[in-house]
Amino acid sequence: MKLAGALLLTVALLLAPPSRSATGQSSPARVIVNGQDVALAARPILHGGVLMVPLPGVFEPFGSSAVWLPDEKAILISNRTRILIRLRINDPYAIVGTEPRLLPIAPVVLRDIPFVPAQAIFGLLGAWVRYEEEEAILRVSSIVGAVAVQRAAGTLRLIARASGPVQAETRHLTNPERVVIDLRDAVFRLPDQEMPINEAGVARVRIAQFQTKPAITRIVLDLAQPVDVRVADSATSFDLTMEVRPRGQAARAPTSVAQAGPPPPPAGDPGALPTPPPPGAAPPSAESLKIMQVRVEQTTGTTRVLVDGTATMQYVVRELVDPDRLVVDVMDAVFIPVKQEIPVNSAVVENVRAAQFQADPDIARVVVTLKRKAAYTITADDGGSVLVIAVTDAPLRGHAVVIDPGHGGKDPGAIGPTGLMEKHVTLDIGLRVRRLLVEDGIRVIMTRESDLFIELADRPRIGRERGGTVFVSLHANASTRTAVNGAETYYLTPLSLSLAQMIQDELTRTLALPSRGIKTANFLVLRDNATMPTVLVEVAFISHPQEEARLREEAFRERIAAAVARGITRFLAIYPIPAGL
Ligand SMILES: [Zn+2]
C-alpha cells in the first residue's frame, strides 16, 4: 500500500504543471534565504500549493547542513543549535529530535535529486518563511525571538536570540547621540520595545522591525555618554551578543579560552569532588567570577552541559578513566549553588556533578561521568560567560578520517613572498588536525607524515585502502594578485557539501579571514573519491604577504587545525559510518 501511494505521488509530481506567475507566464520559483537567491540544482515543482525544492544547497544559507544518504533514501538536516531533522523519501513524517511531525507532502527523488517541502522544513528549523505566490518566491529569514539585557560591572550586554544567521551593522549617530545596530535578515517577532537602562552610558534601548524586504531588526541605543560596542557571534547557536561599555574603558581581554595558556591543574585526586566547606568558611573574594548554575540540555545525539558564569572563564579539562569522566576545572571561580548533582542517563552521559573544589585560589569543578569514551567539544558562549561542554553519542570512533597534507618532497607547492613553502604549512597543520581528532577518539590516516613526495593519484588510494570514511586534503592558496586572501573549501559530490560547509563555517568564524565560500571543482582528489565525503581546504593565501606571515606563526596554524578538526567532528556527528565497516 505504502509503495503504491509513493509511486502515485511521484507520477503526480512529474505531471504537475510548472509554477505560473501572475502574468500567466511560466517561470521557475525562486528561493531567497536571508537575502541570498539560492542557485537551485533543478527546477522547483509546485504541487497542490506546496513548493517542492531540490535539496542541494537550499538549507546552507540558513546556517544548516543537509546530508543526502542515497543508499538509505534518507536526508539529515542539522544546524548550529543542534536541531536535527531526519527525512525519508516517500515518508510524510519528519523526525525532529525524536518527535514525528507531519509534512504537507513527503520528500521524493526525481532524476536522482531529492526534493523536499522546503517551507515546512524551514519552519521546523525555526525560520520565518513565506511563499509569495504572485512572484513565486519562497522567502526565508531568521527570527529574533527576544533581546535579553544583562548588566554587569559597568557593562551592558544585549543578547539577540536568533533562529538562524544574522548580520549586525553598527553605526554611531549624533544629535542626539545614539548607536544604531541593524540586524540584517532578521524578523523581530515581538511588538516594538522600549526599555530604560541607565547603565554603561546607555540611557534607553529601543527595538523594532525596521523593514521587511529584506528583513531588518533595528536596535537603537540612546546614549548618555559615548560608548564602544562589540558584537560577537556564538559557536553553538545563532545568538548575537552586543557588549556595550563607556568609551575608553578598557575592555577585558578577548574571551577565547583556547588562546590563554591553561593554568596548572590543581593538586589532589583530579576526579574527586570534595565535601563543600562548612558555612562560615572563607567568603568568596569580591573579584572572583561566580558560577550561578550548571544545566543539562539534551538533543538527539548530543548532551550539552552548560556552565553559567558571570564573566569569561578560564578552564582546564582532563579525561579520566574507570569510569570515563571529563573533569573541567574553572579557575578563580566560586560555585554559588555549593553543590549540584544532575542525573542524565543519556546514551553516553551518566550524570553531571559540580561543586567548589577548593578555595583560595578558588576552583569550581564540573565532572561529567560518561558511560563510555565519547567525543566532546568545549566552547565558550555568550562572550565567554557560558561554557558549553557538548558530548556527542555518535559513534565517531568507527570513523577513519584521511588527512592529506598537499604537496611534499620535490613538490613544494606554492611559495610565499618570503619563501614559506606550502608543503611545510600543510604538513604542520595536518599533523595538528590529526592530534586533535585522535584526542576525540577518531582514527586518522595520513597520506604523508613527513616531507615526502606522493603522486596525486596515490593519495585517494592510500585513504581507501586503509579504510578511510572521510577525506580532507589541506592546501594553502596562491594567486598572482598578492592582494587576494581568505579561506575557501572545495567539494565535488553532494555527499561532500555538508563537510565543506562545516569546515568553511568553522574556519570563517574562528579566524579573522575573509570567507571565499565553498566551491565545486573537478580536482583529482575530489573526483577519485566520489564514494566518500571529500573536500579540499585552501586554508589561506600563502601569496598574500600578511597571510604568509600569519602562516609562519604556530598559534595561527593551531587555530586553523582546530577549526578544521571541529568542522570534521561536527560532520561526523551527523554522518553515519557506511555499512560494511
Ligand atoms: Zn596546493
# chains A, B, ... in the order shown; residues from 1 in each chain; ligands from 1
>>> closest_atom_pairs(of="chain A", to="ligand 1", cutoff="9 Å", atoms="only C-alpha atoms and all ligand atoms", output="JSON lines")
{"residue": "A:Pro405", "atom": "CA", "partner": "ligand 1", "partner_atom_place_in_ligand_line": "1 (Zn)", "distance": 8.8}
{"residue": "A:Gly406", "atom": "CA", "partner": "ligand 1", "partner_atom_place_in_ligand_line": "1 (Zn)", "distance": 5.4}
{"residue": "A:His407", "atom": "CA", "partner": "ligand 1", "partner_atom_place_in_ligand_line": "1 (Zn)", "distance": 6.3}
{"residue": "A:Pro412", "atom": "CA", "partner": "ligand 1", "partner_atom_place_in_ligand_line": "1 (Zn)", "distance": 8.7}
{"residue": "A:Gly413", "atom": "CA", "partner": "ligand 1", "partner_atom_place_in_ligand_line": "1 (Zn)", "distance": 5.3}
{"residue": "A:Ala414", "atom": "CA", "partner": "ligand 1", "partner_atom_place_in_ligand_line": "1 (Zn)", "distance": 6.4}
{"residue": "A:Glu422", "atom": "CA", "partner": "ligand 1", "partner_atom_place_in_ligand_line": "1 (Zn)", "distance": 6.6}
{"residue": "A:Lys423", "atom": "CA", "partner": "ligand 1", "partner_atom_place_in_ligand_line": "1 (Zn)", "distance": 7.7}
{"residue": "A:Thr426", "atom": "CA", "partner": "ligand 1", "partner_atom_place_in_ligand_line": "1 (Zn)", "distance": 8.4}
{"residue": "A:Leu474", "atom": "CA", "partner": "ligand 1", "partner_atom_place_in_ligand_line": "1 (Zn)", "distance": 7.5}
{"residue": "A:His475", "atom": "CA", "partner": "ligand 1", "partner_atom_place_in_ligand_line": "1 (Zn)", "distance": 4.4}
{"residue": "A:Ala476", "atom": "CA", "partner": "ligand 1", "partner_atom_place_in_ligand_line": "1 (Zn)", "distance": 5.6}
{"residue": "A:Asn477", "atom": "CA", "partner": "ligand 1", "partner_atom_place_in_ligand_line": "1 (Zn)", "distance": 6.4}
{"residue": "A:Ala478", "atom": "CA", "partner": "ligand 1", "partner_atom_place_in_ligand_line": "1 (Zn)", "distance": 8.1}
{"residue": "A:Glu538", "atom": "CA", "partner": "ligand 1", "partner_atom_place_in_ligand_line": "1 (Zn)", "distance": 7.6}
>>> write_last_selection(atoms="all heavy atoms", output="CSV table (one decimal), in the first residue's frame")
chain,number,residue,atom,x,y,z
A,405,PRO,N,47.9,16.1,3.6
A,405,PRO,CA,48.7,17.4,3.5
A,405,PRO,C,49.2,17.5,2.1
A,405,PRO,O,49.9,16.7,1.6
A,405,PRO,CB,49.8,17.2,4.5
A,405,PRO,CG,49.4,16.0,5.4
A,405,PRO,CD,48.6,15.1,4.5
A,406,GLY,N,48.8,18.6,1.4
A,406,GLY,CA,49.1,18.8,0.0
A,406,GLY,C,50.6,18.9,-0.3
A,406,GLY,O,51.4,19.3,0.6
A,407,HIS,N,51.0,18.4,-1.5
A,407,HIS,CA,52.4,18.5,-1.9
A,407,HIS,C,53.4,17.8,-1.0
A,407,HIS,O,53.0,16.8,-0.3
A,407,HIS,CB,52.8,20.0,-2.1
A,407,HIS,CG,51.7,20.8,-2.8
A,407,HIS,ND1,51.6,20.8,-4.1
A,407,HIS,CD2,50.7,21.6,-2.3
A,407,HIS,CE1,50.6,21.5,-4.5
A,407,HIS,NE2,50.0,22.0,-3.4
A,412,PRO,N,57.2,21.5,-3.8
A,412,PRO,CA,57.0,22.4,-2.6
A,412,PRO,C,55.6,23.1,-2.6
A,412,PRO,O,55.2,23.6,-1.6
A,412,PRO,CB,58.0,23.5,-2.9
A,412,PRO,CG,58.2,23.6,-4.4
A,412,PRO,CD,58.0,22.1,-4.9
A,413,GLY,N,54.8,22.9,-3.7
A,413,GLY,CA,53.5,23.7,-3.7
A,413,GLY,C,53.8,25.1,-3.9
A,413,GLY,O,54.9,25.5,-4.5
A,414,ALA,N,52.9,26.0,-3.5
A,414,ALA,CA,53.1,27.4,-3.7
A,414,ALA,C,54.2,27.9,-2.7
A,414,ALA,O,54.4,27.3,-1.7
A,414,ALA,CB,51.8,28.1,-3.5
A,422,GLU,N,54.4,25.9,0.8
A,422,GLU,CA,53.1,25.3,1.1
A,422,GLU,C,53.2,23.9,1.7
A,422,GLU,O,52.5,23.6,2.6
A,422,GLU,CB,52.2,25.3,-0.2
A,422,GLU,CG,50.8,24.7,0.0
A,422,GLU,CD,50.1,24.6,-1.3
A,422,GLU,OE1,50.6,25.0,-2.4
A,422,GLU,OE2,48.9,24.0,-1.3
A,423,LYS,N,54.2,23.1,1.2
A,423,LYS,CA,54.3,21.7,1.7
A,423,LYS,C,54.5,21.6,3.2
A,423,LYS,O,54.1,20.7,3.8
A,423,LYS,CB,55.3,21.0,0.9
A,423,LYS,CG,56.8,21.5,1.1
A,423,LYS,CD,57.8,20.6,0.4
A,423,LYS,CE,59.2,21.0,0.8
A,423,LYS,NZ,60.2,20.1,0.2
A,426,THR,N,51.2,22.7,5.0
A,426,THR,CA,50.1,21.7,5.0
A,426,THR,C,50.4,20.5,5.9
A,426,THR,O,49.6,20.0,6.6
A,426,THR,CB,49.8,21.2,3.6
A,426,THR,OG1,51.0,20.7,3.1
A,426,THR,CG2,49.3,22.4,2.7
A,474,LEU,N,44.5,19.2,2.5
A,474,LEU,CA,44.9,20.5,3.0
A,474,LEU,C,45.8,21.2,2.1
A,474,LEU,O,46.8,20.6,1.7
A,474,LEU,CB,45.5,20.4,4.4
A,474,LEU,CG,44.6,19.8,5.5
A,474,LEU,CD1,45.4,19.5,6.8
A,474,LEU,CD2,43.5,20.7,5.8
A,475,HIS,N,45.5,22.4,1.7
A,475,HIS,CA,46.4,23.2,0.9
A,475,HIS,C,46.4,24.7,1.4
A,475,HIS,O,45.6,25.1,2.2
A,475,HIS,CB,45.9,23.2,-0.6
A,475,HIS,CG,46.1,21.9,-1.2
A,475,HIS,ND1,47.1,21.7,-2.2
A,475,HIS,CD2,45.5,20.7,-1.1
A,475,HIS,CE1,47.1,20.4,-2.6
A,475,HIS,NE2,46.1,19.8,-1.9
A,476,ALA,N,47.4,25.4,0.9
A,476,ALA,CA,47.4,26.9,1.1
A,476,ALA,C,47.3,27.5,-0.3
A,476,ALA,O,48.0,27.0,-1.3
A,476,ALA,CB,48.7,27.3,1.8
A,477,ASN,N,46.5,28.5,-0.5
A,477,ASN,CA,46.2,29.1,-1.8
A,477,ASN,C,47.3,30.0,-2.3
A,477,ASN,O,48.1,30.5,-1.5
A,477,ASN,CB,44.9,29.8,-1.7
A,477,ASN,CG,43.9,29.5,-2.8
A,477,ASN,OD1,44.4,29.2,-3.9
A,477,ASN,ND2,42.7,29.6,-2.5
A,478,ALA,N,47.3,30.3,-3.6
A,478,ALA,CA,48.2,31.2,-4.1
A,478,ALA,C,47.5,31.9,-5.3
A,478,ALA,O,46.7,31.4,-6.0
A,478,ALA,CB,49.5,30.6,-4.6
A,538,GLU,N,41.5,25.2,1.2
A,538,GLU,CA,42.6,26.1,1.0
A,538,GLU,C,42.6,27.1,2.2
A,538,GLU,O,41.7,27.9,2.3
A,538,GLU,CB,42.4,26.9,-0.3
A,538,GLU,CG,42.3,26.1,-1.6
A,538,GLU,CD,43.7,25.8,-2.2
A,538,GLU,OE1,44.7,26.1,-1.5
A,538,GLU,OE2,43.8,25.3,-3.3
>>> residues_around(residues="region 84-90 of chain A", least_positions_apart="5", cutoff="7 Å", atoms="only C-alpha atoms", output="PyMOL selection string")
chain A and resi 6+73-78+95-97+106-109+300
>>> write_last_selection(atoms="all heavy atoms", output="compact mmCIF listing (two decimals), in the first residue's frame")
# COMPACT_ATOMS: atom_id res chain seq x y z
N ALA A 6 3.31 5.91 -2.84
CA ALA A 6 4.52 6.66 -3.16
C ALA A 6 4.70 6.79 -4.67
O ALA A 6 5.06 7.83 -5.18
CB ALA A 6 5.72 5.95 -2.54
N LYS A 73 18.07 6.24 1.41
CA LYS A 73 16.95 7.10 1.00
C LYS A 73 16.55 8.03 2.14
O LYS A 73 15.36 8.19 2.47
CB LYS A 73 15.75 6.26 0.55
CG LYS A 73 16.06 5.31 -0.62
CD LYS A 73 14.93 5.29 -1.60
CE LYS A 73 15.24 4.49 -2.86
NZ LYS A 73 16.50 4.92 -3.52
N ALA A 74 17.55 8.62 2.76
CA ALA A 74 17.30 9.46 3.93
C ALA A 74 18.03 10.79 3.78
O ALA A 74 19.02 10.90 3.04
CB ALA A 74 17.74 8.75 5.20
N ILE A 75 17.53 11.79 4.47
CA ILE A 75 18.14 13.12 4.48
C ILE A 75 18.29 13.54 5.94
O ILE A 75 17.34 13.39 6.72
CB ILE A 75 17.25 14.14 3.74
CG1 ILE A 75 17.10 13.77 2.26
CG2 ILE A 75 17.80 15.56 3.89
CD1 ILE A 75 15.93 14.45 1.57
N LEU A 76 19.48 14.02 6.32
CA LEU A 76 19.69 14.53 7.68
C LEU A 76 19.96 16.01 7.59
O LEU A 76 20.83 16.44 6.83
CB LEU A 76 20.89 13.85 8.33
CG LEU A 76 20.80 12.35 8.61
CD1 LEU A 76 22.10 11.87 9.24
CD2 LEU A 76 19.64 12.07 9.54
N ILE A 77 19.20 16.79 8.33
CA ILE A 77 19.40 18.24 8.32
C ILE A 77 19.72 18.67 9.75
O ILE A 77 19.02 18.30 10.69
CB ILE A 77 18.14 18.97 7.82
CG1 ILE A 77 17.80 18.51 6.39
CG2 ILE A 77 18.34 20.49 7.85
CD1 ILE A 77 16.47 18.99 5.89
N SER A 78 20.81 19.44 9.91
CA SER A 78 21.14 19.88 11.26
C SER A 78 21.66 21.31 11.20
O SER A 78 22.05 21.79 10.13
CB SER A 78 22.21 18.99 11.88
OG SER A 78 23.43 19.18 11.20
N ILE A 95 11.23 13.46 11.34
CA ILE A 95 11.54 13.19 12.74
C ILE A 95 12.41 14.34 13.24
O ILE A 95 13.54 14.53 12.79
CB ILE A 95 12.28 11.85 12.91
CG1 ILE A 95 11.52 10.71 12.21
CG2 ILE A 95 12.48 11.54 14.39
CD1 ILE A 95 10.17 10.41 12.78
N VAL A 96 11.85 15.13 14.15
CA VAL A 96 12.57 16.27 14.71
C VAL A 96 13.02 15.87 16.10
O VAL A 96 12.18 15.71 16.99
CB VAL A 96 11.67 17.52 14.76
CG1 VAL A 96 12.47 18.72 15.27
CG2 VAL A 96 11.08 17.81 13.40
N GLY A 97 14.32 15.69 16.28
CA GLY A 97 14.77 15.09 17.53
C GLY A 97 14.26 13.66 17.55
O GLY A 97 14.70 12.82 16.77
N ALA A 106 5.41 14.30 1.22
CA ALA A 106 6.63 13.55 1.52
C ALA A 106 7.75 13.95 0.56
O ALA A 106 7.49 14.28 -0.60
CB ALA A 106 6.37 12.06 1.40
N PRO A 107 9.01 13.92 1.01
CA PRO A 107 10.13 14.14 0.09
C PRO A 107 10.14 13.07 -1.00
O PRO A 107 9.73 11.93 -0.76
CB PRO A 107 11.37 13.99 0.99
CG PRO A 107 10.87 14.20 2.39
CD PRO A 107 9.44 13.71 2.40
N VAL A 108 10.58 13.45 -2.18
CA VAL A 108 10.66 12.49 -3.29
C VAL A 108 12.02 12.63 -3.98
O VAL A 108 12.73 13.61 -3.78
CB VAL A 108 9.55 12.74 -4.36
CG1 VAL A 108 8.18 12.43 -3.79
CG2 VAL A 108 9.63 14.15 -4.89
N VAL A 109 12.36 11.64 -4.77
CA VAL A 109 13.56 11.73 -5.59
C VAL A 109 13.13 11.77 -7.05
O VAL A 109 12.35 10.92 -7.49
CB VAL A 109 14.49 10.52 -5.36
CG1 VAL A 109 15.66 10.55 -6.36
CG2 VAL A 109 15.02 10.52 -3.95
N THR A 300 18.93 15.11 20.17
CA THR A 300 19.28 13.83 19.60
C THR A 300 20.77 13.80 19.32
O THR A 300 21.29 14.66 18.63
CB THR A 300 18.52 13.61 18.28
OG1 THR A 300 17.16 13.84 18.55
CG2 THR A 300 18.73 12.20 17.76
>>> residues_around(residues="region 125-138 of chain A", least_positions_apart="5", cutoff="7 Å", atoms="only C-alpha atoms", output="JSON, numbers by chain")
{"A": [21, 22, 29, 30, 31, 32, 83, 119, 143, 163, 164]}
>>> closest_residue(among="A:Thr569, A:Asn522, A:Asn175, A:Ser450", to="Tyr491 (chain A)", atoms="only C-alpha atoms")
A:Asn522
>>> residues_around(residues="region 225-233 of chain A", least_positions_apart="3", cutoff="6 Å", atoms="only C-alpha atoms", output="tab-separated table (two decimals) with all heavy atoms, in the first residue's frame")
chain	number	residue	atom	x	y	z
A	201	GLY	N	26.58	53.99	30.12
A	201	GLY	CA	26.44	55.09	29.15
A	201	GLY	C	25.20	55.02	28.30
A	201	GLY	O	24.98	55.87	27.44
A	240	LEU	N	23.48	36.58	18.88
A	240	LEU	CA	24.49	37.62	18.72
A	240	LEU	C	24.59	38.36	20.05
A	240	LEU	O	23.57	38.73	20.62
A	240	LEU	CB	24.06	38.63	17.66
A	240	LEU	CG	24.37	38.38	16.21
A	240	LEU	CD1	24.05	39.65	15.44
A	240	LEU	CD2	25.83	38.00	16.00
A	241	THR	N	25.80	38.55	20.53
A	241	THR	CA	25.98	39.28	21.77
A	241	THR	C	26.58	40.65	21.47
A	241	THR	O	27.60	40.75	20.78
A	241	THR	CB	26.92	38.51	22.72
A	241	THR	OG1	26.33	37.23	22.96
A	241	THR	CG2	27.10	39.24	24.03
A	242	MET	N	25.93	41.70	21.95
A	242	MET	CA	26.44	43.05	21.76
A	242	MET	C	26.87	43.57	23.12
A	242	MET	O	26.05	43.70	24.03
A	242	MET	CB	25.33	43.94	21.18
A	242	MET	CG	24.98	43.56	19.75
A	242	MET	SD	23.23	43.83	19.37
A	242	MET	CE	22.54	42.25	19.88
A	243	GLU	N	28.17	43.81	23.26
A	243	GLU	CA	28.67	44.25	24.54
A	243	GLU	C	28.94	45.76	24.46
A	243	GLU	O	29.66	46.20	23.57
A	243	GLU	CB	29.96	43.50	24.89
A	243	GLU	CG	30.17	43.40	26.38
A	243	GLU	CD	31.13	42.26	26.72
A	243	GLU	OE1	32.34	42.52	26.73
A	243	GLU	OE2	30.65	41.15	26.96
A	244	VAL	N	28.35	46.50	25.38
A	244	VAL	CA	28.43	47.96	25.34
A	244	VAL	C	29.15	48.42	26.59
A	244	VAL	O	28.83	47.98	27.69
A	244	VAL	CB	27.01	48.58	25.32
A	244	VAL	CG1	27.10	50.09	25.13
A	244	VAL	CG2	26.16	47.94	24.24
A	245	ARG	N	30.16	49.29	26.42
A	245	ARG	CA	30.82	49.87	27.59
A	245	ARG	C	31.14	51.32	27.29
A	245	ARG	O	31.29	51.68	26.12
A	245	ARG	CB	32.04	49.06	27.99
A	245	ARG	CG	33.12	48.99	26.94
A	245	ARG	CD	34.26	48.13	27.39
A	245	ARG	NE	33.97	46.71	27.20
A	245	ARG	CZ	33.96	45.82	28.19
A	245	ARG	NH1	34.23	46.20	29.42
A	245	ARG	NH2	33.69	44.57	27.94
A	246	PRO	N	31.25	52.15	28.33
A	246	PRO	CA	31.59	53.55	28.09
A	246	PRO	C	32.90	53.66	27.32
A	246	PRO	O	33.83	52.89	27.57
A	246	PRO	CB	31.73	54.13	29.50
A	246	PRO	CG	30.93	53.22	30.37
A	246	PRO	CD	31.03	51.86	29.74
A	247	ARG	N	32.95	54.59	26.37
A	247	ARG	CA	34.15	54.72	25.53
A	247	ARG	C	35.38	54.95	26.38
A	247	ARG	O	35.35	55.70	27.35
A	247	ARG	CB	33.96	55.89	24.57
A	247	ARG	CG	35.21	56.19	23.76
A	247	ARG	CD	34.89	56.72	22.40
A	247	ARG	NE	34.15	55.71	21.63
A	247	ARG	CZ	33.49	56.00	20.51
A	247	ARG	NH1	33.46	57.22	20.05
A	247	ARG	NH2	32.86	55.05	19.85
>>> atom_distance(atom1="CA of Arg218 (chain A)", atom2="CA of Arg206 (chain A)")
8.1 Å
>>> select_by_dssp(residues="region 207-248 of chain A", states="strand (DSSP E or B)", output="list in words")
Ile207, Ala208, Gln209, Phe210, Gln211, Thr212, Ala215, Ile216, Thr217, Arg218, Ile219, Val220, Leu221, Asp222, Leu223, Val227, Asp228, Val229, Arg230, Val231, Ala232, Leu240, Thr241, Met242, Glu243, Val244, Arg245 and Pro246 of chain A
>>> residues_around(residues="region 481-484 of chain A", least_positions_apart="3", cutoff="8 Å", atoms="only C-alpha atoms", output="ChimeraX atom specification")
/A:541,543-545
>>> residues_around(residues="Arg204 (chain A)", least_positions_apart="3", cutoff="9 Å", atoms="only C-alpha atoms", output="VMD selection string")
chain A and resid 194 to 199 220 to 224
>>> residues_around(residues="Val349 (chain A)", least_positions_apart="4", cutoff="7 Å", atoms="only C-alpha atoms", output="list in words")
Val344, Asn345, Thr369, Leu370 and Lys371 of chain A
>>> write_last_selection(atoms="N, CA, C and O atoms", output="PDB file, in the first residue's frame")
ATOM      1  N   VAL A 344      21.613  12.209  34.401  1.00  0.00           N
ATOM      2  CA  VAL A 344      21.345  12.491  32.990  1.00  0.00           C
ATOM      3  C   VAL A 344      20.859  11.232  32.287  1.00  0.00           C
ATOM      4  O   VAL A 344      19.787  11.184  31.713  1.00  0.00           O
ATOM      5  N   ASN A 345      21.669  10.191  32.358  1.00  0.00           N
ATOM      6  CA  ASN A 345      21.315   8.905  31.758  1.00  0.00           C
ATOM      7  C   ASN A 345      20.981   8.995  30.271  1.00  0.00           C
ATOM      8  O   ASN A 345      19.999   8.435  29.815  1.00  0.00           O
ATOM      9  N   THR A 369      30.330  12.397  34.150  1.00  0.00           N
ATOM     10  CA  THR A 369      30.625  10.962  34.171  1.00  0.00           C
ATOM     11  C   THR A 369      29.996  10.312  32.937  1.00  0.00           C
ATOM     12  O   THR A 369      28.814  10.481  32.670  1.00  0.00           O
ATOM     13  N   LEU A 370      30.835   9.605  32.190  1.00  0.00           N
ATOM     14  CA  LEU A 370      30.413   9.027  30.910  1.00  0.00           C
ATOM     15  C   LEU A 370      30.157   7.532  31.057  1.00  0.00           C
ATOM     16  O   LEU A 370      30.704   6.877  31.949  1.00  0.00           O
ATOM     17  N   LYS A 371      29.325   7.015  30.155  1.00  0.00           N
ATOM     18  CA  LYS A 371      29.114   5.567  30.121  1.00  0.00           C
ATOM     19  C   LYS A 371      30.192   4.880  29.296  1.00  0.00           C
ATOM     20  O   LYS A 371      30.433   3.688  29.436  1.00  0.00           O
TER      21      LYS A 371
END
>>> closest_residue(among="A:Asp440, A:Asp382, A:Asp404, A:Glu488", to="Leu452 (chain A)", atoms="only C-alpha atoms")
A:Asp404
